[in-house]
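Data block below; observations after.
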Amino acid sequence: VGLEPGATTKFSNPPGGVVIDDLMDWQHKSFYLIATHCDLSTVVPVRYIIVTREDNSIPIDQLHAVTYGMCCMYPNWADSVKLPLPTQCSHKFALQLGIVAEENPAVDAELRHGFFYI
């Protein structure tokens, strides 16, 4: 979208915590979440596909709030991150374990059963 010279309209990204859930998708219940605020470039929302039983025991608004809350729980980080804490921790743990396993195939058994300096 182009702006006329001297126009006062300024485009910006939405703030963190914005949920988009009114999109039509006949195959899956899903929503998009923008967890972080970005000033430098265009923010990209993350799509979450909801997999539940037919009873729908969790209201969708609470699911949005819990998902965004888990994006703000990353340790030693003041702002929110793009993905929820369980996803970030499992990715980091798998990456670190893969690096250690490549360097030392005889990885200590204690390292395989817990978080090691995440």
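Residue names in the structure tokens use chain letters A, B, ... in the order shown, residue numbers from 1 in each chain, and ligand numbers from 1 in the order shown.
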
Requested in this report: Identify, on the basis of only C-alpha atoms, every residue whose closest approach to segment 14-21 of chain A does not exceed 7 Å; exclude the query and any residue fewer than 4 positions from it along the same chain; express the result as a list in words.
Outcome: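 That gives Ser30, Phe31, Tyr32, Leu33, Ile34, Ala35, Thr36, His37 and Tyr68 of chain A.
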
**Report entry** Point-to-point distance from atom CA of Asp39 of chain A to atom CA of Ser90 of chain A, Å rounded to tenths
**Finding:**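 Those two atoms sit 27.8 Å apart.
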
Requested in this report: Go ahead and compute the interatomic distance for atom CA of Val66 of chain A and atom CA of Gln27 of chain A, in Å to one decimal.
Outcome: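 Answer for the atom CA of Val66 of chain A to atom CA of Gln27 of chain A separation: 23.3 Å.
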